[in-house]
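Listing of my_file-v5.csv; format and content: CSV, C-alpha atoms.
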chain,number,residue,atom,x,y,z
A,1,MET,CA,-3.0,-56.6,-24.8
A,2,PRO,CA,-2.3,-53.1,-26.0
A,3,TYR,CA,-3.4,-50.2,-23.8
A,4,ASP,CA,-5.9,-47.6,-24.8
A,5,THR,CA,-4.7,-44.1,-25.4
A,6,LEU,CA,-6.3,-41.3,-23.5
A,7,ARG,CA,-7.9,-40.1,-26.7
A,8,THR,CA,-9.5,-43.4,-27.6
A,9,ALA,CA,-10.7,-43.9,-24.0
A,10,TYR,CA,-12.1,-40.3,-24.0
A,11,GLU,CA,-13.8,-40.7,-27.4
A,12,ARG,CA,-15.4,-44.0,-26.3
A,13,LEU,CA,-17.1,-41.9,-23.5
A,14,GLY,CA,-18.4,-39.4,-26.0
A,15,ASN,CA,-15.6,-36.9,-25.3
A,16,ARG,CA,-16.9,-36.3,-21.8
A,17,GLY,CA,-15.2,-37.5,-18.7
A,18,PRO,CA,-17.9,-38.8,-16.3
A,19,GLY,CA,-15.6,-38.5,-13.3
A,20,PHE,CA,-14.6,-34.8,-13.8
A,21,ASP,CA,-17.6,-33.4,-11.9
A,22,MET,CA,-17.0,-35.6,-8.9
A,23,LEU,CA,-13.3,-34.8,-9.0
A,24,ARG,CA,-14.0,-31.1,-9.1
A,25,LEU,CA,-16.3,-31.3,-6.1
A,26,VAL,CA,-13.9,-33.3,-4.1
A,27,ALA,CA,-11.1,-30.9,-4.8
A,28,ALA,CA,-13.3,-27.9,-3.8
A,29,SER,CA,-14.4,-29.7,-0.7
A,30,ALA,CA,-10.7,-30.4,0.2
A,31,VAL,CA,-10.1,-26.6,0.0
A,32,VAL,CA,-12.9,-26.1,2.5
A,33,VAL,CA,-11.4,-28.7,4.9
A,34,HIS,CA,-8.0,-27.1,4.5
A,35,HIS,CA,-9.2,-23.6,5.5
A,36,ALA,CA,-11.5,-24.9,8.3
A,37,MET,CA,-8.5,-26.5,9.9
A,38,LYS,CA,-6.9,-23.0,10.2
A,39,ILE,CA,-8.8,-22.3,13.4
A,40,GLU,CA,-6.8,-25.1,15.1
A,41,HIS,CA,-3.6,-25.6,13.1
A,42,ASP,CA,-1.0,-23.9,11.0
A,43,ILE,CA,-2.4,-25.3,7.7
A,44,VAL,CA,0.9,-25.1,6.0
A,45,ARG,CA,3.5,-26.1,8.5
A,46,ASP,CA,1.3,-28.7,10.2
A,47,ASP,CA,0.1,-30.3,7.0
A,48,TRP,CA,1.4,-33.8,6.6
A,49,LEU,CA,1.7,-33.5,2.8
A,50,PHE,CA,3.8,-30.3,3.3
A,51,ARG,CA,6.1,-32.1,5.6
A,52,PHE,CA,6.3,-35.3,3.4
A,53,SER,CA,7.0,-33.3,0.2
A,54,GLY,CA,9.6,-31.1,1.8
A,55,GLY,CA,7.5,-28.0,1.5
A,56,TYR,CA,6.6,-28.6,-2.2
A,57,THR,CA,2.8,-28.7,-1.7
A,58,GLN,CA,0.0,-29.1,0.9
A,59,LEU,CA,-3.7,-30.1,0.8
A,60,GLY,CA,-5.1,-26.8,-0.3
A,61,LEU,CA,-2.4,-26.1,-2.9
A,62,LEU,CA,-2.8,-29.7,-4.3
A,63,ALA,CA,-6.5,-29.2,-4.7
A,64,VAL,CA,-5.8,-25.9,-6.6
A,65,SER,CA,-3.3,-27.7,-8.7
A,66,VAL,CA,-5.9,-30.3,-9.6
A,67,PHE,CA,-8.2,-27.5,-10.9
A,68,PHE,CA,-5.4,-26.0,-13.0
A,69,ALA,CA,-4.5,-29.4,-14.5
A,70,LEU,CA,-8.1,-30.1,-15.3
A,71,SER,CA,-8.7,-26.7,-16.8
A,72,GLY,CA,-5.7,-27.0,-19.1
A,73,PHE,CA,-6.9,-30.4,-20.3
A,74,LEU,CA,-10.5,-29.4,-20.9
A,75,ILE,CA,-10.2,-26.1,-22.6
A,76,THR,CA,-7.5,-27.0,-25.1
A,77,PRO,CA,-9.5,-29.1,-27.7
A,78,GLY,CA,-11.9,-26.3,-28.6
A,79,LEU,CA,-9.2,-23.7,-28.9
A,80,VAL,CA,-7.0,-26.0,-31.0
A,81,LYS,CA,-9.8,-27.1,-33.3
A,82,SER,CA,-11.4,-23.7,-33.9
A,83,GLY,CA,-8.4,-21.4,-33.5
A,84,ASN,CA,-11.0,-18.8,-32.3
A,85,VAL,CA,-9.1,-17.0,-29.6
A,86,ILE,CA,-11.8,-14.4,-29.0
A,87,GLY,CA,-14.5,-17.1,-28.6
A,88,TYR,CA,-12.2,-19.0,-26.2
A,89,LEU,CA,-11.7,-15.9,-24.1
A,90,SER,CA,-15.4,-15.1,-24.3
A,91,ARG,CA,-16.3,-18.6,-22.9
A,92,ARG,CA,-13.7,-18.2,-20.1
A,93,PHE,CA,-15.0,-14.8,-19.2
A,94,MET,CA,-18.6,-16.0,-18.8
A,95,ARG,CA,-17.5,-19.0,-16.8
A,96,ILE,CA,-15.4,-17.1,-14.3
A,97,MET,CA,-16.5,-13.4,-14.1
A,98,PRO,CA,-20.3,-13.4,-13.4
A,99,LEU,CA,-20.1,-15.3,-10.2
A,100,LEU,CA,-16.9,-13.6,-9.1
A,101,ALA,CA,-18.6,-10.2,-9.6
A,102,ALA,CA,-21.6,-11.3,-7.6
A,103,VAL,CA,-19.5,-12.7,-4.7
A,104,VAL,CA,-17.2,-9.6,-4.5
A,105,VAL,CA,-20.1,-7.1,-4.7
A,106,GLY,CA,-22.3,-9.1,-2.3
A,107,THR,CA,-19.4,-9.5,0.2
A,108,ALA,CA,-18.5,-5.8,0.1
A,109,LEU,CA,-22.0,-4.3,0.1
A,110,VAL,CA,-24.2,-6.9,1.9
A,111,VAL,CA,-22.1,-9.2,4.1
A,112,GLY,CA,-19.5,-6.7,5.1
A,113,PRO,CA,-21.7,-4.1,6.8
A,114,TRP,CA,-23.6,-6.9,8.6
A,115,PHE,CA,-20.4,-8.2,10.2
A,116,SER,CA,-18.4,-5.0,10.5
A,117,ALA,CA,-17.7,-3.5,14.0
A,118,LEU,CA,-18.2,0.0,12.4
A,119,PRO,CA,-21.5,1.8,12.1
A,120,VAL,CA,-23.1,1.2,8.8
A,121,ALA,CA,-22.6,4.8,7.6
A,122,GLU,CA,-18.9,4.8,8.5
A,123,TYR,CA,-18.5,1.4,6.8
A,124,TYR,CA,-20.0,2.7,3.5
A,125,SER,CA,-18.0,5.9,3.7
A,126,SER,CA,-14.7,4.2,4.1
A,127,PRO,CA,-12.6,4.1,0.9
A,128,VAL,CA,-11.4,0.6,2.0
A,129,THR,CA,-15.0,-0.7,1.3
A,130,TRP,CA,-15.0,0.5,-2.2
A,131,ARG,CA,-11.4,-0.6,-2.8
A,132,TYR,CA,-12.6,-4.2,-2.2
A,133,LEU,CA,-14.6,-4.0,-5.4
A,134,LYS,CA,-11.3,-3.9,-7.3
A,135,THR,CA,-11.1,-7.6,-6.5
A,136,VAL,CA,-13.5,-8.2,-9.4
A,137,THR,CA,-10.5,-7.6,-11.7
A,138,THR,CA,-8.5,-10.3,-9.8
A,139,PHE,CA,-6.1,-7.6,-8.7
A,140,LEU,CA,-6.8,-8.0,-5.0
A,141,SER,CA,-7.8,-5.7,-2.2
A,142,LEU,CA,-9.3,-8.0,0.4
A,143,GLN,CA,-9.7,-5.9,3.5
A,144,LEU,CA,-13.1,-4.6,4.6
A,145,PRO,CA,-13.3,-2.0,7.4
A,146,GLY,CA,-14.1,-3.5,10.8
A,147,VAL,CA,-14.5,-7.0,9.5
A,148,VAL,CA,-12.5,-9.8,11.1
A,149,ASP,CA,-11.9,-13.0,9.1
A,150,TYR,CA,-12.5,-16.5,10.4
A,151,ASP,CA,-8.9,-16.9,11.4
A,152,GLY,CA,-8.6,-13.6,13.2
A,153,GLY,CA,-7.0,-11.8,10.3
A,154,ASP,CA,-8.4,-9.2,7.9
A,155,THR,CA,-8.2,-10.9,4.5
A,156,ILE,CA,-11.8,-11.5,3.5
A,157,ASN,CA,-12.1,-14.3,0.9
A,158,GLY,CA,-8.4,-15.0,0.4
A,159,PRO,CA,-8.9,-18.0,-2.0
A,160,ILE,CA,-9.7,-15.5,-4.8
A,161,TRP,CA,-6.0,-15.1,-5.2
A,162,THR,CA,-5.8,-18.1,-7.6
A,163,LEU,CA,-8.1,-16.4,-10.2
A,164,HIS,CA,-5.4,-13.9,-11.0
A,165,PHE,CA,-3.0,-16.8,-12.0
A,166,GLU,CA,-5.8,-18.7,-13.7
A,167,TRP,CA,-6.5,-15.7,-16.0
A,168,ALA,CA,-2.7,-15.4,-16.6
A,169,CYS,CA,-2.7,-19.0,-17.9
A,170,TYR,CA,-5.8,-18.4,-20.1
A,171,LEU,CA,-4.2,-15.3,-21.6
A,172,LEU,CA,-0.9,-17.0,-22.2
A,173,LEU,CA,-2.6,-19.9,-23.9
A,174,ALA,CA,-4.6,-17.4,-26.0
A,175,GLY,CA,-1.4,-15.7,-27.1
A,176,LEU,CA,0.2,-19.0,-28.0
A,177,ALA,CA,-2.8,-19.9,-30.0
A,178,TRP,CA,-2.8,-16.5,-31.7
A,179,VAL,CA,0.7,-17.1,-33.0
A,180,GLY,CA,0.0,-20.7,-34.0
A,181,VAL,CA,1.9,-22.5,-31.3
A,182,MET,CA,-1.1,-24.6,-30.2
A,183,ARG,CA,-1.1,-26.3,-33.6
A,184,GLN,CA,2.5,-27.3,-33.1
A,185,ARG,CA,2.5,-29.6,-30.1
A,186,TRP,CA,6.2,-30.2,-30.1
A,187,LEU,CA,6.8,-26.5,-29.9
A,188,PHE,CA,4.4,-26.3,-27.0
A,189,LEU,CA,6.3,-29.2,-25.4
A,190,ALA,CA,9.6,-27.2,-25.8
A,191,LEU,CA,8.0,-24.2,-24.2
A,192,TYR,CA,6.6,-26.3,-21.3
A,193,VAL,CA,10.1,-27.8,-20.6
A,194,ALA,CA,11.5,-24.3,-20.6
A,195,ALA,CA,8.9,-23.2,-18.1
A,196,LEU,CA,9.8,-26.2,-15.8
A,197,ALA,CA,13.5,-25.3,-16.2
A,198,ALA,CA,12.8,-21.7,-15.2
A,199,LEU,CA,10.8,-23.0,-12.2
A,200,TRP,CA,13.5,-25.4,-11.1
A,201,PHE,CA,16.7,-23.4,-11.7
A,202,GLY,CA,15.4,-19.9,-11.2
A,203,LEU,CA,12.7,-20.1,-8.6
A,204,GLY,CA,12.3,-23.6,-7.3
A,205,PRO,CA,14.1,-25.7,-4.7
A,206,ILE,CA,17.6,-24.5,-5.5
A,207,ALA,CA,16.6,-20.8,-5.4
A,208,ALA,CA,16.6,-18.7,-2.3
A,209,ASP,CA,13.2,-18.1,-0.7
A,210,GLY,CA,13.7,-14.4,-1.1
A,211,VAL,CA,13.3,-14.5,-4.9
A,212,ARG,CA,9.9,-16.3,-4.8
A,213,GLY,CA,6.8,-14.3,-5.4
A,214,LYS,CA,4.3,-14.0,-8.2
A,215,PRO,CA,6.7,-15.3,-10.9
A,216,PHE,CA,7.2,-18.5,-8.8
A,217,MET,CA,3.5,-19.0,-8.1
A,218,PHE,CA,2.6,-18.5,-11.8
A,219,LEU,CA,5.2,-21.0,-13.0
A,220,PHE,CA,4.2,-23.4,-10.2
A,221,LEU,CA,0.5,-23.4,-11.3
A,222,PHE,CA,1.3,-23.2,-15.0
A,223,ALA,CA,3.3,-26.4,-14.5
A,224,TYR,CA,-0.1,-28.1,-13.8
A,225,PHE,CA,-2.1,-26.1,-16.3
A,226,GLY,CA,0.5,-26.6,-19.0
A,227,ALA,CA,0.6,-30.3,-18.2
A,228,GLY,CA,-3.1,-30.5,-18.8
A,229,VAL,CA,-2.6,-28.8,-22.2
A,230,LEU,CA,0.3,-31.1,-23.0
A,231,ILE,CA,-1.5,-34.3,-22.2
A,232,GLN,CA,-4.4,-33.2,-24.3
A,233,LEU,CA,-2.2,-32.4,-27.2
A,234,PHE,CA,-0.4,-35.8,-27.0
A,235,SER,CA,-3.5,-37.7,-25.9
A,236,ASN,CA,-3.4,-39.8,-29.1
A,237,VAL,CA,-0.1,-41.4,-27.9
A,238,VAL,CA,-0.4,-41.3,-24.1
A,239,PRO,CA,-1.5,-44.7,-22.9
A,240,TRP,CA,-4.2,-45.1,-20.3
A,241,SER,CA,-5.3,-47.9,-18.0
A,242,ARG,CA,-6.1,-48.4,-14.3
A,243,THR,CA,-2.8,-50.2,-13.9
A,244,LEU,CA,-0.9,-47.2,-15.3
A,245,MET,CA,-2.8,-44.9,-13.0
A,246,LEU,CA,-1.7,-47.0,-10.0
A,247,ALA,CA,1.9,-46.8,-11.3
A,248,ALA,CA,1.6,-43.0,-11.7
A,249,LEU,CA,0.2,-42.7,-8.2
A,250,ALA,CA,3.2,-44.7,-6.8
A,251,LEU,CA,5.6,-42.6,-8.7
A,252,LEU,CA,3.9,-39.4,-7.5
A,253,VAL,CA,4.2,-40.4,-3.9
A,254,ALA,CA,7.9,-41.3,-4.5
A,255,ALA,CA,8.5,-37.9,-6.3
A,256,TRP,CA,7.0,-35.9,-3.4
A,257,ALA,CA,9.8,-37.3,-1.2
A,258,THR,CA,12.5,-36.0,-3.5
A,259,PRO,CA,13.7,-32.6,-4.6
A,260,PHE,CA,12.5,-33.5,-8.2
A,261,ASP,CA,8.8,-33.1,-7.4
A,262,TYR,CA,8.9,-29.7,-9.2
A,263,LEU,CA,9.8,-31.5,-12.4
A,264,ILE,CA,7.8,-34.7,-12.1
A,265,ALA,CA,4.7,-34.1,-9.9
A,266,PRO,CA,2.8,-31.8,-12.4
A,267,LEU,CA,2.7,-34.4,-15.2
A,268,LEU,CA,2.0,-37.3,-12.9
A,269,THR,CA,-0.7,-35.4,-11.0
A,270,THR,CA,-2.3,-34.4,-14.3
A,271,TYR,CA,-2.2,-37.9,-15.7
A,272,LEU,CA,-4.1,-39.1,-12.6
A,273,VAL,CA,-6.6,-36.2,-12.8
A,274,VAL,CA,-7.4,-37.0,-16.4
A,275,GLY,CA,-7.5,-40.8,-15.6
A,276,ILE,CA,-9.9,-40.2,-12.8
A,277,GLY,CA,-12.1,-38.2,-15.1
A,278,LEU,CA,-12.5,-41.2,-17.3
A,279,LEU,CA,-13.8,-43.3,-14.4
A,280,ARG,CA,-17.5,-43.6,-13.7
A,281,PHE,CA,-18.8,-42.7,-10.2
A,282,PRO,CA,-22.3,-43.1,-8.9
A,283,GLU,CA,-24.6,-40.2,-9.9
A,284,THR,CA,-25.5,-37.8,-7.2
A,285,PRO,CA,-27.6,-34.6,-7.0
A,286,LEU,CA,-24.3,-32.8,-6.3
A,287,THR,CA,-22.6,-33.9,-9.5
A,288,THR,CA,-25.3,-34.7,-12.0
A,289,GLY,CA,-26.3,-31.8,-14.2
A,290,VAL,CA,-24.6,-29.3,-12.1
A,291,ASP,CA,-21.1,-28.0,-11.4
A,292,LEU,CA,-20.9,-26.8,-7.8
A,293,SER,CA,-17.2,-26.7,-7.5
A,294,TYR,CA,-16.6,-23.1,-8.5
A,295,GLY,CA,-19.3,-21.8,-6.2
A,296,VAL,CA,-18.0,-23.9,-3.3
A,297,TYR,CA,-14.5,-22.6,-4.0
A,298,LEU,CA,-15.5,-19.0,-4.3
A,299,MET,CA,-17.9,-18.7,-1.4
A,300,HIS,CA,-16.7,-21.1,1.3
A,301,SER,CA,-14.3,-18.6,2.9
A,302,VAL,CA,-17.0,-15.9,3.3
A,303,VAL,CA,-19.2,-18.6,4.9
A,304,LEU,CA,-16.4,-19.5,7.3
A,305,MET,CA,-16.0,-15.8,8.2
A,306,MET,CA,-19.7,-15.4,8.9
A,307,LEU,CA,-19.9,-18.6,11.0
A,308,MET,CA,-16.9,-17.7,13.1
A,309,ASN,CA,-18.3,-14.2,13.8
A,310,LEU,CA,-21.7,-15.7,14.8
A,311,TYR,CA,-20.3,-18.5,17.0
A,312,PRO,CA,-16.7,-19.0,18.2
A,313,PHE,CA,-16.1,-22.6,16.9
A,314,THR,CA,-13.1,-24.3,18.5
A,315,SER,CA,-13.3,-27.5,16.5
A,316,TRP,CA,-12.3,-27.3,12.9
A,317,LEU,CA,-14.4,-30.5,12.2
A,318,ALA,CA,-17.5,-28.9,13.6
A,319,LEU,CA,-16.9,-25.7,11.6
A,320,PHE,CA,-16.5,-27.8,8.4
A,321,ALA,CA,-19.6,-29.8,9.2
A,322,VAL,CA,-21.6,-26.6,9.4
A,323,CYS,CA,-19.9,-24.7,6.6
A,324,TRP,CA,-19.9,-27.4,3.9
A,325,PRO,CA,-23.7,-27.9,3.5
A,326,ILE,CA,-24.3,-24.2,3.7
A,327,THR,CA,-21.7,-23.6,1.0
A,328,LEU,CA,-23.2,-26.4,-1.1
A,329,ALA,CA,-26.6,-24.8,-0.9
A,330,LEU,CA,-25.2,-21.4,-1.9
A,331,ALA,CA,-23.2,-23.0,-4.7
A,332,TYR,CA,-26.4,-24.8,-6.0
A,333,ALA,CA,-28.2,-21.5,-6.0
A,334,SER,CA,-25.3,-19.7,-7.8
A,335,TRP,CA,-25.2,-22.5,-10.4
A,336,ARG,CA,-28.9,-22.2,-11.2
A,337,TRP,CA,-29.3,-18.5,-11.1
A,338,ILE,CA,-25.9,-17.1,-12.1
A,339,GLU,CA,-23.4,-19.6,-13.6
A,340,GLU,CA,-25.7,-21.7,-15.8
A,341,PRO,CA,-27.6,-18.7,-17.2
A,342,ALA,CA,-24.2,-17.0,-17.9
A,343,LEU,CA,-23.0,-20.1,-19.8
A,344,GLY,CA,-26.1,-20.0,-21.9
A,345,HIS,CA,-24.9,-16.6,-23.2
A,346,LYS,CA,-21.2,-17.4,-23.4
A,347,GLU,CA,-21.0,-15.7,-26.8
A,348,TRP,CA,-21.9,-12.3,-25.6
A,349,PRO,CA,-18.4,-11.0,-24.9
A,350,GLU,CA,-17.3,-12.3,-28.3
A,351,ARG,CA,-20.1,-10.6,-30.0
A,352,ILE,CA,-19.3,-7.3,-28.3
A,353,ALA,CA,-15.6,-7.6,-29.1
A,354,ARG,CA,-16.2,-8.4,-32.7
A,355,GLY,CA,-18.6,-5.5,-33.0
A,356,VAL,CA,-15.9,-3.1,-31.6
A,357,LEU,CA,-13.3,-4.5,-33.9
A,358,ALA,CA,-15.6,-4.1,-36.9
A,359,ARG,CA,-16.0,-0.4,-36.1
A,360,LEU,CA,-12.3,0.1,-35.5
A,361,ARG,CA,-11.2,-1.6,-38.7
A,362,PRO,CA,-12.6,1.0,-41.2
A,363,ARG,CA,-11.1,3.8,-39.1
A,364,ALA,CA,-7.7,2.1,-39.1
A,365,GLU,CA,-7.9,1.6,-42.9
A,366,ALA,CA,-9.0,5.2,-43.4
A,367,GLY,CA,-6.1,6.4,-41.3
A,368,ALA,CA,-3.7,4.3,-43.3
Encoding of this model in structure tokens:
Amino acid sequence: MPYDTLRTAYERLGNRGPGFDMLRLVAASAVVVHHAMKIEHDIVRDDWLFRFSGGYTQLGLLAVSVFFALSGFLITPGLVKSGNVIGYLSRRFMRIMPLLAAVVVGTALVVGPWFSALPVAEYYSSPVTWRYLKTVTTFLSLQLPGVVDYDGGDTINGPIWTLHFEWACYLLLAGLAWVGVMRQRWLFLALYVAALAALWFGLGPIAADGVRGKPFMFLFLFAYFGAGVLIQLFSNVVPWSRTLMLAALALLVAAWATPFDYLIAPLLTTYLVVGIGLLRFPETPLTTGVDLSYGVYLMHSVVLMMLMNLYPFTSWLALFAVCWPITLALAYASWRWIEEPALGHKEWPERIARGVLARLRPRAEAGA
């Protein structure tokens, strides 16, 4: 019996993966677990996946990788079909930036003075407070004067770091679409292979740790984002079945135990992510008609900080048990009052951009 392709399976479901919402929420919740464990453990060195994979990944990074893979898969069809780069960036802006701005401003100007050891006047007069607002741009400044994070450090809402690389992936894809690469899937495949080669030979397992930094992390996360794009572009020939998903899972576990995980894991993980999205899960208030994952991801670290400053938890499980429902409630509120309304106006940045371009064009023509 021939297998379905991913595209035929996806089309049969109305081009909507019923399992994606559940997958997103599970991944976001895994990040909460990962960070709650920090009050008892070194969440990298003590992570079983980190040890098993020889340092390739760990629970929190795997969850982030799932988000990047899913994002690459889901945003590609609209961009390829329409070729509207400005519209694509407009939609990405309205999905990411309104809640990010609300969280950064709220953390700096409302939460910060409440938990700072400094007097309120001194807190607001500190340039460090206002520098935190730069985080809205995803160029980070995550210290707040007198505020101690949940792990005893001074980095307030560290998980925001991934948004810088997410935007880098979005902009790279926009550039590739602008020059026509997204309509030439074999060319994108060649570029993806080149990126994996750069990760492997230049920055990956055979490179010295000293050369790793932002280029390494970008290529690492692009390996997943690009795998999502690639699987979407070739979805008409990529077979799908539950049997093949089990085989991919077995291969992924085997790959984690080898030095070749940098080359193999992104595609296998992404295949599993897309396959899970095609599965049906029971409907729940947390995954039906709402997408709480971004709110959970963006706010859980601030909630952890507040909880640890209010009560010195010694059990990570107890901390998670308190943090998770509070974060879900905040994420639900942010979805209803910030994210969903923003998505209802996702064309606003495009309209503004096109208006600016329309004004600039006559001037440029006049200058010529």
Please list, as a CSV table (one decimal) with C-alpha atoms, in the coordinates of the input, the residues that have an atom at most 12 Å away from (-22.1, 1.2, 6.8) in the coordinates of this file, counting only C-alpha atoms.
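Below is the file that was written, part.csv:
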chain,number,residue,atom,x,y,z
A,108,ALA,CA,-18.5,-5.8,0.1
A,109,LEU,CA,-22.0,-4.3,0.1
A,110,VAL,CA,-24.2,-6.9,1.9
A,111,VAL,CA,-22.1,-9.2,4.1
A,112,GLY,CA,-19.5,-6.7,5.1
A,113,PRO,CA,-21.7,-4.1,6.8
A,114,TRP,CA,-23.6,-6.9,8.6
A,115,PHE,CA,-20.4,-8.2,10.2
A,116,SER,CA,-18.4,-5.0,10.5
A,117,ALA,CA,-17.7,-3.5,14.0
A,118,LEU,CA,-18.2,0.0,12.4
A,119,PRO,CA,-21.5,1.8,12.1
A,120,VAL,CA,-23.1,1.2,8.8
A,121,ALA,CA,-22.6,4.8,7.6
A,122,GLU,CA,-18.9,4.8,8.5
A,123,TYR,CA,-18.5,1.4,6.8
A,124,TYR,CA,-20.0,2.7,3.5
A,125,SER,CA,-18.0,5.9,3.7
A,126,SER,CA,-14.7,4.2,4.1
A,127,PRO,CA,-12.6,4.1,0.9
A,128,VAL,CA,-11.4,0.6,2.0
A,129,THR,CA,-15.0,-0.7,1.3
A,130,TRP,CA,-15.0,0.5,-2.2
A,144,LEU,CA,-13.1,-4.6,4.6
A,145,PRO,CA,-13.3,-2.0,7.4
A,146,GLY,CA,-14.1,-3.5,10.8
A,147,VAL,CA,-14.5,-7.0,9.5
Distance cut-off 7 Å, centre (-26.8, -28.3, -13.2) in file coordinates, counting all atoms listed in the file: which residues qualify? Return them as a tab-separated table (two decimals) with C-alpha atoms, keeping the file's coordinate frame.
chain	number	residue	atom	x	y	z
A	288	THR	CA	-25.30	-34.70	-12.00
A	289	GLY	CA	-26.30	-31.80	-14.20
A	290	VAL	CA	-24.60	-29.30	-12.10
A	291	ASP	CA	-21.10	-28.00	-11.40
A	335	TRP	CA	-25.20	-22.50	-10.40
A	336	ARG	CA	-28.90	-22.20	-11.20
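The environment of stretch 170-181 of chain A within 8 Å, counting only C-alpha atoms and disregarding residues fewer than 4 places along the same chain, consists of A:Leu79, A:Val80, A:Gly83, A:Val85, A:Tyr88, A:Leu89, A:Arg92, A:Glu166, A:Arg185, A:Leu187, A:Phe188.
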What is the distance, in Å and to one decimal place, between atom CA of A:Thr284 and atom CA of A:Leu23?
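Computed distance, atom CA of A:Thr284 to atom CA of A:Leu23, equals 12.7 Å.
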Provide the atom CA of A:Ala223 to atom CA of A:Leu59 distance in Å, to one decimal place.
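Distance reported for this atom pair: 17.2 Å.
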Residue among A:Ile352, A:Leu360, A:Val66, A:Leu272 lying closest to A:Gly87, counting all atoms listed in the file
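Comparing A:Ile352, A:Leu360, A:Val66, A:Leu272 against A:Gly87, the winner is A:Ile352.
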Please identify all polymer residues within 8 Å of stretch 253-264 of chain A, counting only C-alpha atoms, omitting same-chain residues fewer than 4 positions from it, and present them as a VMD selection string.
chain A and resid 52 to 54 56 196 199 to 200 204 to 205 220 249 268
